[in-house]
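> Sharing my_file-v3.cif below, mmCIF, C-alpha atoms:
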```
data_query
#
loop_
_atom_site.label_atom_id
_atom_site.label_comp_id
_atom_site.auth_asym_id
_atom_site.auth_seq_id
_atom_site.Cartn_x
_atom_site.Cartn_y
_atom_site.Cartn_z
CA MET A 19 -19.01 34.83 71.46
CA THR A 20 -19.95 32.41 68.70
CA LYS A 21 -21.64 33.97 65.69
CA PRO A 22 -24.52 32.06 64.11
CA LEU A 23 -24.39 30.84 60.52
CA VAL A 24 -27.06 32.35 58.30
CA TRP A 25 -27.71 30.78 54.91
CA ALA A 26 -28.79 33.40 52.34
CA GLN A 27 -30.85 30.72 50.58
CA PRO A 28 -32.16 27.58 52.33
CA SER A 29 -31.19 25.49 49.29
CA LEU A 30 -27.50 26.31 49.88
CA LYS A 31 -27.52 24.28 53.08
CA GLU A 32 -28.90 21.29 51.16
CA THR A 33 -26.07 21.62 48.62
CA MET A 34 -23.63 20.95 51.43
CA ARG A 35 -25.59 18.03 52.91
CA SER A 36 -26.32 15.98 49.86
CA PRO A 37 -24.03 14.35 47.30
CA PRO A 38 -21.92 14.96 45.33
CA MET A 39 -19.93 16.56 48.21
CA SER A 40 -18.24 13.77 50.14
CA ALA A 41 -18.58 13.24 53.88
CA GLU A 42 -14.91 14.19 54.33
CA ALA A 43 -15.42 17.49 52.51
CA ARG A 44 -18.54 18.24 54.58
CA LYS A 45 -16.53 17.61 57.76
CA GLU A 46 -13.77 19.96 56.62
CA THR A 47 -16.35 22.59 55.69
CA GLY A 48 -17.99 22.28 59.09
CA PHE A 49 -14.65 22.55 60.86
CA LEU A 50 -13.69 25.71 58.96
CA LEU A 51 -17.12 27.29 59.42
CA ARG A 52 -16.92 26.61 63.17
CA LYS A 53 -13.53 28.38 63.27
CA LEU A 54 -15.10 31.40 61.55
CA GLN A 55 -18.00 31.38 64.00
CA GLU A 56 -15.53 31.43 66.88
CA GLY A 57 -13.82 34.51 65.44
CA HIS A 58 -10.68 32.91 64.00
CA ASN A 59 -9.17 34.30 60.82
CA ILE A 60 -8.72 31.67 58.14
CA GLY A 61 -6.12 32.46 55.54
CA PHE A 62 -4.92 31.03 52.27
CA PRO A 63 -5.16 28.28 51.07
CA HIS A 64 -8.48 27.67 52.88
CA SER A 65 -9.91 31.14 52.41
CA ARG A 66 -9.26 34.28 50.41
CA PRO A 67 -10.89 37.72 50.28
CA MET A 68 -13.47 38.45 47.60
CA ARG A 69 -13.23 42.25 47.49
CA ASN A 70 -14.96 42.29 44.09
CA ILE A 71 -18.15 41.26 45.94
CA GLY A 72 -17.72 43.53 48.96
CA GLY A 73 -15.81 44.23 52.13
CA GLY A 74 -15.91 41.33 54.57
CA CYS A 75 -16.61 38.79 51.81
CA HIS A 76 -14.42 35.73 51.40
CA GLU A 77 -14.26 32.47 49.48
CA LEU A 78 -13.91 29.27 51.50
CA ARG A 79 -12.00 26.74 49.42
CA ILE A 80 -12.68 23.02 49.88
CA THR A 81 -10.89 20.31 47.90
CA ASP A 82 -13.01 17.19 47.54
CA ARG A 83 -11.31 14.37 45.70
CA GLU A 84 -10.98 15.87 42.23
CA GLN A 85 -13.54 18.63 42.72
CA GLN A 86 -13.24 22.14 44.09
CA TRP A 87 -16.07 23.48 46.25
CA ARG A 88 -16.46 27.13 47.10
CA LEU A 89 -18.56 28.88 49.73
CA ILE A 90 -18.80 32.63 49.46
CA TYR A 91 -19.32 34.08 52.92
CA TYR A 92 -19.66 37.46 54.56
CA ILE A 93 -18.45 38.19 58.07
CA GLY A 94 -21.09 40.44 59.57
CA ASP A 95 -21.19 42.02 63.00
CA ASP A 96 -23.89 39.63 64.13
CA ALA A 97 -23.39 36.46 62.01
CA ILE A 98 -21.47 34.63 59.32
CA TYR A 99 -23.61 34.77 56.18
CA ILE A 100 -23.23 32.07 53.53
CA LEU A 101 -24.00 33.86 50.27
CA GLU A 102 -23.39 31.01 47.81
CA ALA A 103 -22.06 27.45 47.57
CA PHE A 104 -20.95 25.88 44.31
CA ASN A 105 -18.65 23.42 42.60
CA LYS A 106 -15.94 25.49 40.95
CA LYS A 107 -15.03 24.23 37.49
CA ALA A 108 -13.13 27.19 36.00
CA GLN A 109 -10.18 29.29 37.11
CA LYS A 110 -12.30 32.40 37.63
CA THR A 111 -15.43 32.66 39.73
CA PRO A 112 -18.35 32.84 37.28
CA TYR A 113 -19.82 36.31 36.74
CA ASN A 114 -23.34 35.18 37.64
CA ILE A 115 -22.11 33.85 41.02
CA ILE A 116 -20.46 37.19 41.79
CA GLU A 117 -23.64 39.09 40.86
CA VAL A 118 -25.86 36.81 42.99
CA CYS A 119 -23.52 37.31 45.96
CA LYS A 120 -23.52 41.10 45.50
CA ASP A 121 -27.31 41.09 45.45
CA ARG A 122 -27.57 38.93 48.58
CA LEU A 123 -24.98 41.06 50.37
CA SER A 124 -26.90 44.26 49.57
CA LYS A 125 -30.08 42.71 51.04
CA ILE A 126 -28.19 41.73 54.22
CA ASN A 127 -26.77 45.22 54.62
CA LYS A 128 -30.18 46.84 54.06
CA GLY A 129 -31.91 44.59 56.60
#
```
Would you put the structure from the file into structure tokens?


Amino acid sequence: MTKPLVWAQPSLKETMRSPPMSAEARKETGFLLRKLQEGHNIGFPHSRPMRNIGGGCHELRITDREQQWRLIYYIGDDAIYILEAFNKKAQKTPYNIIEVCKDRLSKINKG
């Protein structure tokens, strides 16, 4: 069974479609998301757990030329939820990104 992708914010999907993410990076992102939808486990270096956000949360890691893109996703029983997408510029995930993801995850789990 293929799980649908659910974008926590409609604007996140636009982040992935429009520049500055290259076409190659969008293809890689699509390929990895399709694997997740099909139930495959994706390990490091493409994905890593984000336990500080919540159980079932992971960070999809996309290298795009000299940029690093991250998608924070949650594997739910019924869907793969994309909580956030951003261009990572520092070693650590910014605090505000983690807090936004926690908030979105709590809304998913309440719903």

> If the PyMOL selection byres ((chain A and resi 97) around 6) were run on this exact file, what residues would it hold? Put them as number ranges by chain.

A: 21-23, 94, 96, 98

> Evaluating the PyMOL selection byres ((chain A and resi 56-58) around 10) on the displayed file yields which residues, as JSON, numbers by chain?

{"A": [19, 20, 21, 22, 50, 51, 52, 53, 54, 55, 59, 60, 61, 93, 98]}

> What would the file look like if the residues just selected were written as a PDB file, in the frame of the given file with C-alpha atoms?


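Now in part_33.pdb:
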```pdb
ATOM      1  CA  MET A  19     -19.010  34.830  71.460  1.00  0.00           C
ATOM      2  CA  THR A  20     -19.950  32.410  68.700  1.00  0.00           C
ATOM      3  CA  LYS A  21     -21.640  33.970  65.690  1.00  0.00           C
ATOM      4  CA  PRO A  22     -24.520  32.060  64.110  1.00  0.00           C
ATOM      5  CA  LEU A  50     -13.690  25.710  58.960  1.00  0.00           C
ATOM      6  CA  LEU A  51     -17.120  27.290  59.420  1.00  0.00           C
ATOM      7  CA  ARG A  52     -16.920  26.610  63.170  1.00  0.00           C
ATOM      8  CA  LYS A  53     -13.530  28.380  63.270  1.00  0.00           C
ATOM      9  CA  LEU A  54     -15.100  31.400  61.550  1.00  0.00           C
ATOM     10  CA  GLN A  55     -18.000  31.380  64.000  1.00  0.00           C
ATOM     11  CA  ASN A  59      -9.170  34.300  60.820  1.00  0.00           C
ATOM     12  CA  ILE A  60      -8.720  31.670  58.140  1.00  0.00           C
ATOM     13  CA  GLY A  61      -6.120  32.460  55.540  1.00  0.00           C
ATOM     14  CA  ILE A  93     -18.450  38.190  58.070  1.00  0.00           C
ATOM     15  CA  ILE A  98     -21.470  34.630  59.320  1.00  0.00           C
TER      16      ILE A  98
END
```

> Find the residues around Trp87 in chain A up to 12 Å (all atoms listed in the file counted), leave out those fewer than 2 positions away in its own chain, and share them as a count of residues only.

30

> Counting all atoms listed in the file, which of A:Ala41, A:Cys75, A:Cys119, A:Leu101 gets nearest to Val24 in chain A?

A:Leu101

> Do you have the CA of Ile100 in chain A-CA of Leu123 in chain A distance handy?

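Answer for the CA of Ile100 in chain A to CA of Leu123 in chain A separation: 9.7 Å.
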
> One decimal, Å: what's the distance from CA of Gly74 in chain A over to CA of Tyr92 in chain A, could you say?

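One can read the CA of Gly74 in chain A to CA of Tyr92 in chain A distance as 5.4 Å.
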
> Name the closest residue to Asn114 in chain A among the candidates A:Phe62, A:Ile71, A:Gln27, A:Lys128; distances are taken between atoms, counting all atoms listed in the file.

A:Ile71
